[in-house]
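**Q** Mind having a look at this structure? Questions to follow.
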Amino acid sequence: SNLELGSVKWSSPSNIALVKYWGKRKNQIPANPSISFTLSNSKTITELSFSKKPEADKFSFDVYFEGERNEAFKPKIQTFFERIEPYMSFLKNYRFKIDTKNTFPHSSGIASSASGMSAIALCLMDMERLLSTNEISDDYFNRKASFLARLGSGSACRSIEGELVIWGENKSFADSSDLFGVRFTETLHPNFKDYQDAILLVDKGEKQVSSTVGHKLMEGHPYAPQRFEQAHRNLAELKEVLISGDLKRFVEIVESEALTLHAMMMTSMPYFILMKPNTLEIIQKIWRYRAENNSLLCFTLDAGANVHMLFPKSEASQVYEFIKSQLVAYCQNGHYICDSIGDGAMKL
Ligand code: PMV
């Protein structure tokens, strides 16, 4: 192609899993299916500039993070390029500048790999569209972007579209795949409209256990087979809940999934406790609040100490009052992020 130079720009959100992905096989194939809410405010914005280079001998790119040249991200991108090259043959023909920033604070402890990897994947897909002589359908575009994002970070494949995305082959969703995420296309019950996610930042430090190490802990884990089966059952039931709007059952499935993820880490070898005392303080307070206020507020966790508080829009003003009066004390520097369920990535 004669595409000499240009640039593309995308914003891509983070996501929060309701049924957790924990454990993988070769080539970023998940050991069990997962489902997540796509977020709205927590996102990565990436601009990819490219210019043709004379020789296609190696990958050539620079990374800028929040306006400054960044060497630390380079090995991750290098690995990502190596993994996706079989599906993107033009990569070595160009020199790239990857200019990226997050809408959430750096090292806030919220995973930026999902939003970050999906944003680059989308930029590269956009470039493929520019280079292609054939029409590329939106469906193909999203699927391949998700496929590429998965090779960067598994959960990133769930960040392309909204409002809910399923990843991993399973009986409940006929079109599900291990290779990319698919949208939840059933009619979502109005109870979930604008569902809220307040992210309480308990520990903004570096992750104690990288997800690469974490997934590996599930290999030969004594409870792994039962856990993978449970994820299938929880996903099947959650599908019904998302349609029926049964928020009581939603709370049970989501909290059980979060605690199971942590239970897997506590019972692996080596073993880890990724919650902090403040994580438990917050969970206790959420449970008390729920009982006293007849509320449907619940929590979920990723592989760290931060707490995601999920609640219906109708409870928003009360819950934010609760956070301000009782929970900010447990957040590092009083820091929390207000987010809600979102529509997915956007071309800028
Ligand atoms: O995408 P990874 O490999 O960083 O795995 C993330 C796994 C969890 O965030 C703990 C759960 C999930 O499904 O997102």
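Just so we're on the same page: first chain in the structure tokens is A, next is B, and so on; residues restart at 1 for each chain, and ligands are numbered from 1 in the order they show up.
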Go through stretch 24-209 of chain A and collect every residue that DSSP, computed from the backbone, puts in helix (DSSP H, G or I); the answer should be as a ChimeraX atom specification.

**A** /A:26-28,74-87,91-93,113-131,138-152,154-158,190-192

**Q** Can you list, as a PDB file with N, CA and C atoms, in the first residue's frame, every protein, DNA or RNA residue that comes within 9 Å of A:Ser340 when you count only C-alpha atoms, leaving out same-chain residues fewer than 3 positions away?

**A**
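Contents of result-v8.pdb, as written:
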```pdb
ATOM      1  N   PHE A  37     -18.849  -5.631  33.201  1.00  0.00           N
ATOM      2  CA  PHE A  37     -19.418  -4.329  32.886  1.00  0.00           C
ATOM      3  C   PHE A  37     -18.316  -3.507  32.231  1.00  0.00           C
ATOM      4  N   THR A  38     -18.614  -2.894  31.122  1.00  0.00           N
ATOM      5  CA  THR A  38     -17.708  -1.923  30.540  1.00  0.00           C
ATOM      6  C   THR A  38     -17.871  -0.633  31.329  1.00  0.00           C
ATOM      7  N   LEU A  39     -16.777   0.056  31.647  1.00  0.00           N
ATOM      8  CA  LEU A  39     -16.882   1.298  32.408  1.00  0.00           C
ATOM      9  C   LEU A  39     -16.970   2.496  31.470  1.00  0.00           C
ATOM     10  N   SER A  40     -17.247   3.632  32.059  1.00  0.00           N
ATOM     11  CA  SER A  40     -17.503   4.820  31.247  1.00  0.00           C
ATOM     12  C   SER A  40     -16.393   5.873  31.411  1.00  0.00           C
ATOM     13  N   ASN A  41     -16.052   6.204  32.645  1.00  0.00           N
ATOM     14  CA  ASN A  41     -15.100   7.302  32.882  1.00  0.00           C
ATOM     15  C   ASN A  41     -13.637   6.875  32.928  1.00  0.00           C
ATOM     16  N   ASP A 194     -27.553   2.512  33.652  1.00  0.00           N
ATOM     17  CA  ASP A 194     -26.622   3.429  34.326  1.00  0.00           C
ATOM     18  C   ASP A 194     -26.129   2.894  35.665  1.00  0.00           C
ATOM     19  N   TYR A 195     -25.971   1.600  35.761  1.00  0.00           N
ATOM     20  CA  TYR A 195     -25.461   0.996  37.005  1.00  0.00           C
ATOM     21  C   TYR A 195     -24.152   1.672  37.397  1.00  0.00           C
ATOM     22  N   GLN A 196     -23.976   1.879  38.683  1.00  0.00           N
ATOM     23  CA  GLN A 196     -22.844   2.678  39.172  1.00  0.00           C
ATOM     24  C   GLN A 196     -21.705   1.785  39.668  1.00  0.00           C
ATOM     25  N   ASP A 197     -20.490   2.287  39.509  1.00  0.00           N
ATOM     26  CA  ASP A 197     -19.301   1.631  40.074  1.00  0.00           C
ATOM     27  C   ASP A 197     -18.449   2.705  40.734  1.00  0.00           C
ATOM     28  N   ALA A 198     -18.424   2.723  42.059  1.00  0.00           N
ATOM     29  CA  ALA A 198     -17.522   3.626  42.785  1.00  0.00           C
ATOM     30  C   ALA A 198     -16.305   2.814  43.185  1.00  0.00           C
ATOM     31  N   LEU A 310     -20.738  -1.608  43.553  1.00  0.00           N
ATOM     32  CA  LEU A 310     -21.721  -1.607  42.464  1.00  0.00           C
ATOM     33  C   LEU A 310     -23.103  -1.358  43.043  1.00  0.00           C
ATOM     34  N   LYS A 313     -28.519   3.025  39.932  1.00  0.00           N
ATOM     35  CA  LYS A 313     -28.543   4.486  39.804  1.00  0.00           C
ATOM     36  C   LYS A 313     -29.482   5.124  40.848  1.00  0.00           C
TER      37      LYS A 313
END
```

**Q** Please find the residues contacting ligand 1 at a distance of at most 7 Å between atoms, with only C-alpha atoms and all ligand atoms counted, and report them as a PDB file with N, CA and C atoms, in the first residue's frame.

**A**
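So result20.pdb came out as:
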```pdb
ATOM      1  N   ILE A  16     -14.975  -4.007  34.555  1.00  0.00           N
ATOM      2  CA  ILE A  16     -14.952  -4.716  35.842  1.00  0.00           C
ATOM      3  C   ILE A  16     -15.713  -6.039  35.705  1.00  0.00           C
ATOM      4  N   ALA A  17     -15.011  -7.122  35.999  1.00  0.00           N
ATOM      5  CA  ALA A  17     -15.618  -8.453  35.825  1.00  0.00           C
ATOM      6  C   ALA A  17     -16.621  -8.748  36.930  1.00  0.00           C
ATOM      7  N   VAL A  19     -18.283 -12.101  36.701  1.00  0.00           N
ATOM      8  CA  VAL A  19     -17.741 -13.459  36.830  1.00  0.00           C
ATOM      9  C   VAL A  19     -16.295 -13.353  36.368  1.00  0.00           C
ATOM     10  N   LYS A  20     -15.383 -13.800  37.220  1.00  0.00           N
ATOM     11  CA  LYS A  20     -13.961 -13.492  37.025  1.00  0.00           C
ATOM     12  C   LYS A  20     -13.221 -14.480  36.133  1.00  0.00           C
ATOM     13  N   TYR A  21     -12.336 -13.922  35.350  1.00  0.00           N
ATOM     14  CA  TYR A  21     -11.357 -14.688  34.574  1.00  0.00           C
ATOM     15  C   TYR A  21     -10.133 -14.876  35.457  1.00  0.00           C
ATOM     16  N   TRP A  22      -9.825 -16.105  35.807  1.00  0.00           N
ATOM     17  CA  TRP A  22      -8.635 -16.360  36.637  1.00  0.00           C
ATOM     18  C   TRP A  22      -8.117 -17.736  36.287  1.00  0.00           C
ATOM     19  N   SER A  34     -15.928 -15.507  31.360  1.00  0.00           N
ATOM     20  CA  SER A  34     -16.125 -14.372  32.275  1.00  0.00           C
ATOM     21  C   SER A  34     -17.075 -13.366  31.633  1.00  0.00           C
ATOM     22  N   SER A 113      -4.198  -2.076  32.165  1.00  0.00           N
ATOM     23  CA  SER A 113      -3.850  -2.952  31.047  1.00  0.00           C
ATOM     24  C   SER A 113      -5.061  -3.193  30.140  1.00  0.00           C
ATOM     25  N   ALA A 114      -6.254  -3.284  30.705  1.00  0.00           N
ATOM     26  CA  ALA A 114      -7.433  -3.535  29.868  1.00  0.00           C
ATOM     27  C   ALA A 114      -7.704  -2.353  28.948  1.00  0.00           C
ATOM     28  N   SER A 153      -3.545  -8.334  26.829  1.00  0.00           N
ATOM     29  CA  SER A 153      -3.935  -8.673  28.198  1.00  0.00           C
ATOM     30  C   SER A 153      -5.320  -9.292  28.102  1.00  0.00           C
ATOM     31  N   GLY A 154      -5.489 -10.471  28.659  1.00  0.00           N
ATOM     32  CA  GLY A 154      -6.737 -11.219  28.475  1.00  0.00           C
ATOM     33  C   GLY A 154      -7.981 -10.370  28.652  1.00  0.00           C
ATOM     34  N   SER A 155      -8.097  -9.728  29.808  1.00  0.00           N
ATOM     35  CA  SER A 155      -9.320  -8.994  30.124  1.00  0.00           C
ATOM     36  C   SER A 155      -9.528  -7.790  29.194  1.00  0.00           C
ATOM     37  N   ALA A 156      -8.489  -7.376  28.484  1.00  0.00           N
ATOM     38  CA  ALA A 156      -8.612  -6.241  27.563  1.00  0.00           C
ATOM     39  C   ALA A 156      -9.578  -6.544  26.421  1.00  0.00           C
ATOM     40  N   SER A 211      -0.793 -10.254  37.104  1.00  0.00           N
ATOM     41  CA  SER A 211      -1.826 -11.224  36.704  1.00  0.00           C
ATOM     42  C   SER A 211      -1.198 -12.417  35.990  1.00  0.00           C
ATOM     43  N   THR A 212      -0.039 -12.202  35.349  1.00  0.00           N
ATOM     44  CA  THR A 212       0.655 -13.342  34.713  1.00  0.00           C
ATOM     45  C   THR A 212       0.952 -14.413  35.758  1.00  0.00           C
ATOM     46  N   ASP A 302     -10.833  -6.854  42.207  1.00  0.00           N
ATOM     47  CA  ASP A 302      -9.929  -7.434  41.230  1.00  0.00           C
ATOM     48  C   ASP A 302      -8.799  -8.086  42.015  1.00  0.00           C
ATOM     49  N   ALA A 303      -7.710  -8.378  41.337  1.00  0.00           N
ATOM     50  CA  ALA A 303      -6.603  -9.045  42.026  1.00  0.00           C
ATOM     51  C   ALA A 303      -5.788  -8.020  42.816  1.00  0.00           C
TER      52      ALA A 303
END
```

**Q** List as JSON lines every residue of stretch 267-347 of chain A that is in contact with stretch 157-167 of chain A, defined as an atom at most 10 Å from one of its atoms (using only C-alpha atoms), together with the nearest atom pair and the distance in Å rounded to one decimal, sorted by chain and then rising number.

**A**
```
{"residue": "A:Ser340", "atom": "CA", "partner": "A:Glu163", "partner_atom": "CA", "distance": 10.0}
{"residue": "A:Ile341", "atom": "CA", "partner": "A:Glu163", "partner_atom": "CA", "distance": 6.2}
{"residue": "A:Gly342", "atom": "CA", "partner": "A:Glu163", "partner_atom": "CA", "distance": 5.5}
{"residue": "A:Asp343", "atom": "CA", "partner": "A:Gly162", "partner_atom": "CA", "distance": 4.0}
{"residue": "A:Gly344", "atom": "CA", "partner": "A:Glu161", "partner_atom": "CA", "distance": 4.0}
{"residue": "A:Ala345", "atom": "CA", "partner": "A:Ile160", "partner_atom": "CA", "distance": 5.2}
{"residue": "A:Met346", "atom": "CA", "partner": "A:Ile160", "partner_atom": "CA", "distance": 8.6}
```

**Q** Write out as number ranges by chain all residues of stretch 159-335 of chain A that DSSP puts in strand (DSSP E or B) for this structure's backbone.

**A** A: 161, 164-167, 170, 173, 181-183, 196-200, 298-301, 307-311

**Q** Please dump the current selection as a PDB file, in the first residue's frame; keep N, CA and C atoms.

**A**
```pdb
ATOM      1  N   GLU A 161     -16.380  -3.121  23.476  1.00  0.00           N
ATOM      2  CA  GLU A 161     -17.794  -2.752  23.367  1.00  0.00           C
ATOM      3  C   GLU A 161     -18.429  -2.604  24.747  1.00  0.00           C
ATOM      4  N   LEU A 164     -22.151  -4.851  28.460  1.00  0.00           N
ATOM      5  CA  LEU A 164     -21.628  -6.059  29.113  1.00  0.00           C
ATOM      6  C   LEU A 164     -20.972  -6.915  28.043  1.00  0.00           C
ATOM      7  N   VAL A 165     -19.868  -7.542  28.381  1.00  0.00           N
ATOM      8  CA  VAL A 165     -19.161  -8.372  27.407  1.00  0.00           C
ATOM      9  C   VAL A 165     -18.829  -9.729  28.025  1.00  0.00           C
ATOM     10  N   ILE A 166     -19.035 -10.766  27.223  1.00  0.00           N
ATOM     11  CA  ILE A 166     -18.745 -12.142  27.633  1.00  0.00           C
ATOM     12  C   ILE A 166     -17.509 -12.595  26.878  1.00  0.00           C
ATOM     13  N   TRP A 167     -16.611 -13.230  27.577  1.00  0.00           N
ATOM     14  CA  TRP A 167     -15.425 -13.790  26.930  1.00  0.00           C
ATOM     15  C   TRP A 167     -15.227 -15.218  27.410  1.00  0.00           C
ATOM     16  N   ASN A 170     -18.927 -20.850  26.192  1.00  0.00           N
ATOM     17  CA  ASN A 170     -19.810 -21.443  27.202  1.00  0.00           C
ATOM     18  C   ASN A 170     -21.183 -21.687  26.607  1.00  0.00           C
ATOM     19  N   PHE A 173     -24.133 -18.734  26.159  1.00  0.00           N
ATOM     20  CA  PHE A 173     -24.076 -17.737  25.084  1.00  0.00           C
ATOM     21  C   PHE A 173     -23.558 -18.416  23.818  1.00  0.00           C
ATOM     22  N   GLY A 181     -14.074 -11.178  22.859  1.00  0.00           N
ATOM     23  CA  GLY A 181     -15.270 -10.903  23.644  1.00  0.00           C
ATOM     24  C   GLY A 181     -16.462 -10.659  22.733  1.00  0.00           C
ATOM     25  N   VAL A 182     -17.645 -10.995  23.208  1.00  0.00           N
ATOM     26  CA  VAL A 182     -18.889 -10.684  22.476  1.00  0.00           C
ATOM     27  C   VAL A 182     -19.832  -9.916  23.388  1.00  0.00           C
ATOM     28  N   ARG A 183     -20.621  -9.040  22.796  1.00  0.00           N
ATOM     29  CA  ARG A 183     -21.589  -8.248  23.562  1.00  0.00           C
ATOM     30  C   ARG A 183     -22.694  -9.112  24.132  1.00  0.00           C
ATOM     31  N   GLN A 196     -23.976   1.879  38.683  1.00  0.00           N
ATOM     32  CA  GLN A 196     -22.844   2.678  39.172  1.00  0.00           C
ATOM     33  C   GLN A 196     -21.705   1.785  39.668  1.00  0.00           C
ATOM     34  N   ASP A 197     -20.490   2.287  39.509  1.00  0.00           N
ATOM     35  CA  ASP A 197     -19.301   1.631  40.074  1.00  0.00           C
ATOM     36  C   ASP A 197     -18.449   2.705  40.734  1.00  0.00           C
ATOM     37  N   ALA A 198     -18.424   2.723  42.059  1.00  0.00           N
ATOM     38  CA  ALA A 198     -17.522   3.626  42.785  1.00  0.00           C
ATOM     39  C   ALA A 198     -16.305   2.814  43.185  1.00  0.00           C
ATOM     40  N   ILE A 199     -15.142   3.257  42.713  1.00  0.00           N
ATOM     41  CA  ILE A 199     -13.914   2.489  42.952  1.00  0.00           C
ATOM     42  C   ILE A 199     -13.154   3.117  44.119  1.00  0.00           C
ATOM     43  N   LEU A 200     -13.097   2.403  45.231  1.00  0.00           N
ATOM     44  CA  LEU A 200     -12.409   2.916  46.417  1.00  0.00           C
ATOM     45  C   LEU A 200     -10.944   2.497  46.355  1.00  0.00           C
ATOM     46  N   CYS A 298     -23.470  -3.652  46.412  1.00  0.00           N
ATOM     47  CA  CYS A 298     -22.570  -4.781  46.668  1.00  0.00           C
ATOM     48  C   CYS A 298     -21.154  -4.401  46.257  1.00  0.00           C
ATOM     49  N   PHE A 299     -20.206  -5.305  46.566  1.00  0.00           N
ATOM     50  CA  PHE A 299     -18.817  -5.016  46.207  1.00  0.00           C
ATOM     51  C   PHE A 299     -18.302  -6.081  45.250  1.00  0.00           C
ATOM     52  N   THR A 300     -17.267  -5.713  44.499  1.00  0.00           N
ATOM     53  CA  THR A 300     -16.455  -6.720  43.832  1.00  0.00           C
ATOM     54  C   THR A 300     -14.997  -6.293  43.929  1.00  0.00           C
ATOM     55  N   LEU A 301     -14.101  -7.226  43.646  1.00  0.00           N
ATOM     56  CA  LEU A 301     -12.667  -6.980  43.790  1.00  0.00           C
ATOM     57  C   LEU A 301     -11.952  -7.482  42.554  1.00  0.00           C
ATOM     58  N   VAL A 307     -11.630  -1.668  46.247  1.00  0.00           N
ATOM     59  CA  VAL A 307     -12.999  -2.193  46.283  1.00  0.00           C
ATOM     60  C   VAL A 307     -13.853  -1.468  45.241  1.00  0.00           C
ATOM     61  N   HIS A 308     -14.491  -2.227  44.378  1.00  0.00           N
ATOM     62  CA  HIS A 308     -15.487  -1.662  43.451  1.00  0.00           C
ATOM     63  C   HIS A 308     -16.850  -1.806  44.107  1.00  0.00           C
ATOM     64  N   MET A 309     -17.547  -0.702  44.269  1.00  0.00           N
ATOM     65  CA  MET A 309     -18.900  -0.729  44.846  1.00  0.00           C
ATOM     66  C   MET A 309     -19.902  -0.597  43.709  1.00  0.00           C
ATOM     67  N   LEU A 310     -20.738  -1.608  43.553  1.00  0.00           N
ATOM     68  CA  LEU A 310     -21.721  -1.607  42.464  1.00  0.00           C
ATOM     69  C   LEU A 310     -23.103  -1.358  43.043  1.00  0.00           C
ATOM     70  N   PHE A 311     -23.859  -0.460  42.422  1.00  0.00           N
ATOM     71  CA  PHE A 311     -25.207  -0.152  42.930  1.00  0.00           C
ATOM     72  C   PHE A 311     -26.070   0.479  41.848  1.00  0.00           C
TER      73      PHE A 311
END
```

**Q** What is the atom CA of A:Tyr336 to atom CA of A:Ile283 distance in Å?

**A**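 Computed distance, atom CA of A:Tyr336 to atom CA of A:Ile283, equals 15.2 Å.
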
**Q** Can you check which parts of stretch 129-239 of chain A lie within 8 Å of stretch 75-93 of chain A? Per residue, the shortest pair of atoms and distance in Å to one decimal, counting only C-alpha atoms, sorted by chain and number, as a tab-separated table.

**A**
```
residue	atom	partner	partner_atom	distance
A:Leu148	CA	A:Ile84	CA	6.4
A:Leu151	CA	A:Arg83	CA	6.6
A:Gly152	CA	A:Phe80	CA	5.3
```

**Q** List the neighbours of stretch 45-56 of chain A out to 8 Å using only C-alpha atoms; skip same-chain residues closer than 4 positions along the sequence, and give me the result as a PDB file with N, CA and C atoms, in the first residue's frame.

**A**
```
ATOM      1  N   LEU A   3       0.285   3.975   1.773  1.00  0.00           N
ATOM      2  CA  LEU A   3       0.040   4.793   2.963  1.00  0.00           C
ATOM      3  C   LEU A   3       1.383   5.166   3.582  1.00  0.00           C
ATOM      4  N   GLU A   4       1.752   6.433   3.478  1.00  0.00           N
ATOM      5  CA  GLU A   4       3.088   6.844   3.911  1.00  0.00           C
ATOM      6  C   GLU A   4       3.113   7.251   5.378  1.00  0.00           C
ATOM      7  N   LEU A   5       2.179   8.099   5.752  1.00  0.00           N
ATOM      8  CA  LEU A   5       2.119   8.495   7.161  1.00  0.00           C
ATOM      9  C   LEU A   5       0.728   8.947   7.547  1.00  0.00           C
ATOM     10  N   GLY A   6       0.496   8.963   8.838  1.00  0.00           N
ATOM     11  CA  GLY A   6      -0.830   9.342   9.323  1.00  0.00           C
ATOM     12  C   GLY A   6      -0.929   9.095  10.812  1.00  0.00           C
ATOM     13  N   SER A   7      -2.117   9.293  11.347  1.00  0.00           N
ATOM     14  CA  SER A   7      -2.319   8.989  12.758  1.00  0.00           C
ATOM     15  C   SER A   7      -3.785   8.651  13.012  1.00  0.00           C
ATOM     16  N   VAL A   8      -4.012   7.853  14.023  1.00  0.00           N
ATOM     17  CA  VAL A   8      -5.364   7.479  14.452  1.00  0.00           C
ATOM     18  C   VAL A   8      -5.414   7.616  15.969  1.00  0.00           C
ATOM     19  N   LYS A   9      -6.631   7.852  16.480  1.00  0.00           N
ATOM     20  CA  LYS A   9      -6.748   8.096  17.918  1.00  0.00           C
ATOM     21  C   LYS A   9      -8.028   7.451  18.455  1.00  0.00           C
ATOM     22  N   TRP A  10      -7.886   6.735  19.568  1.00  0.00           N
ATOM     23  CA  TRP A  10      -9.033   6.046  20.176  1.00  0.00           C
ATOM     24  C   TRP A  10      -9.042   6.237  21.687  1.00  0.00           C
ATOM     25  N   SER A  11     -10.230   6.226  22.247  1.00  0.00           N
ATOM     26  CA  SER A  11     -10.348   6.113  23.701  1.00  0.00           C
ATOM     27  C   SER A  11     -11.002   4.772  23.995  1.00  0.00           C
ATOM     28  N   SER A  12     -10.468   4.090  24.980  1.00  0.00           N
ATOM     29  CA  SER A  12     -11.004   2.777  25.320  1.00  0.00           C
ATOM     30  C   SER A  12     -11.098   2.629  26.836  1.00  0.00           C
ATOM     31  N   LYS A  92       6.000  -4.259  10.753  1.00  0.00           N
ATOM     32  CA  LYS A  92       7.435  -3.946  10.608  1.00  0.00           C
ATOM     33  C   LYS A  92       7.704  -2.939   9.488  1.00  0.00           C
ATOM     34  N   ASN A  93       6.672  -2.609   8.725  1.00  0.00           N
ATOM     35  CA  ASN A  93       6.868  -1.646   7.633  1.00  0.00           C
ATOM     36  C   ASN A  93       6.764  -0.193   8.092  1.00  0.00           C
ATOM     37  N   TYR A  94       6.393  -0.016   9.355  1.00  0.00           N
ATOM     38  CA  TYR A  94       6.160   1.350   9.839  1.00  0.00           C
ATOM     39  C   TYR A  94       6.943   1.636  11.099  1.00  0.00           C
ATOM     40  N   ARG A  95       7.202   2.931  11.276  1.00  0.00           N
ATOM     41  CA  ARG A  95       7.752   3.405  12.543  1.00  0.00           C
ATOM     42  C   ARG A  95       6.585   4.084  13.263  1.00  0.00           C
ATOM     43  N   PHE A  96       6.407   3.753  14.548  1.00  0.00           N
ATOM     44  CA  PHE A  96       5.239   4.211  15.309  1.00  0.00           C
ATOM     45  C   PHE A  96       5.624   5.145  16.441  1.00  0.00           C
ATOM     46  N   LYS A  97       4.710   6.067  16.699  1.00  0.00           N
ATOM     47  CA  LYS A  97       4.757   6.807  17.956  1.00  0.00           C
ATOM     48  C   LYS A  97       3.438   6.509  18.672  1.00  0.00           C
ATOM     49  N   ILE A  98       3.543   5.981  19.875  1.00  0.00           N
ATOM     50  CA  ILE A  98       2.352   5.650  20.659  1.00  0.00           C
ATOM     51  C   ILE A  98       2.267   6.664  21.788  1.00  0.00           C
ATOM     52  N   ASP A  99       1.231   7.487  21.719  1.00  0.00           N
ATOM     53  CA  ASP A  99       1.084   8.585  22.678  1.00  0.00           C
ATOM     54  C   ASP A  99      -0.153   8.292  23.514  1.00  0.00           C
ATOM     55  N   THR A 100       0.043   8.039  24.806  1.00  0.00           N
ATOM     56  CA  THR A 100      -1.071   7.505  25.571  1.00  0.00           C
ATOM     57  C   THR A 100      -1.232   8.189  26.928  1.00  0.00           C
ATOM     58  N   LYS A 101      -2.481   8.300  27.360  1.00  0.00           N
ATOM     59  CA  LYS A 101      -2.753   8.828  28.703  1.00  0.00           C
ATOM     60  C   LYS A 101      -4.022   8.194  29.256  1.00  0.00           C
ATOM     61  N   ASN A 102      -4.132   8.213  30.579  1.00  0.00           N
ATOM     62  CA  ASN A 102      -5.308   7.656  31.239  1.00  0.00           C
ATOM     63  C   ASN A 102      -6.134   8.784  31.845  1.00  0.00           C
ATOM     64  N   THR A 103      -7.445   8.565  31.958  1.00  0.00           N
ATOM     65  CA  THR A 103      -8.278   9.574  32.627  1.00  0.00           C
ATOM     66  C   THR A 103      -8.249   9.380  34.141  1.00  0.00           C
ATOM     67  N   GLY A 116      -5.607   0.150  28.275  1.00  0.00           N
ATOM     68  CA  GLY A 116      -4.405   0.464  27.494  1.00  0.00           C
ATOM     69  C   GLY A 116      -4.232  -0.458  26.297  1.00  0.00           C
ATOM     70  N   ALA A 119      -6.959   0.013  23.692  1.00  0.00           N
ATOM     71  CA  ALA A 119      -6.797   1.256  22.920  1.00  0.00           C
ATOM     72  C   ALA A 119      -5.767   1.087  21.800  1.00  0.00           C
ATOM     73  N   ILE A 120      -4.640   0.457  22.089  1.00  0.00           N
ATOM     74  CA  ILE A 120      -3.641   0.239  21.012  1.00  0.00           C
ATOM     75  C   ILE A 120      -4.205  -0.708  19.959  1.00  0.00           C
ATOM     76  N   CYS A 123      -6.396   1.209  17.649  1.00  0.00           N
ATOM     77  CA  CYS A 123      -5.617   2.065  16.736  1.00  0.00           C
ATOM     78  C   CYS A 123      -5.037   1.241  15.593  1.00  0.00           C
ATOM     79  N   LEU A 124      -4.498   0.075  15.925  1.00  0.00           N
ATOM     80  CA  LEU A 124      -3.889  -0.765  14.884  1.00  0.00           C
ATOM     81  C   LEU A 124      -4.949  -1.301  13.919  1.00  0.00           C
TER      82      LEU A 124
END
```

**Q** For A:Ile29, which of A:Gly168, A:Pro312, A:Pro225, A:Pro190 is the closest residue, counting only C-alpha atoms?

**A**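 For A:Ile29, the nearest of the candidates is A:Gly168.
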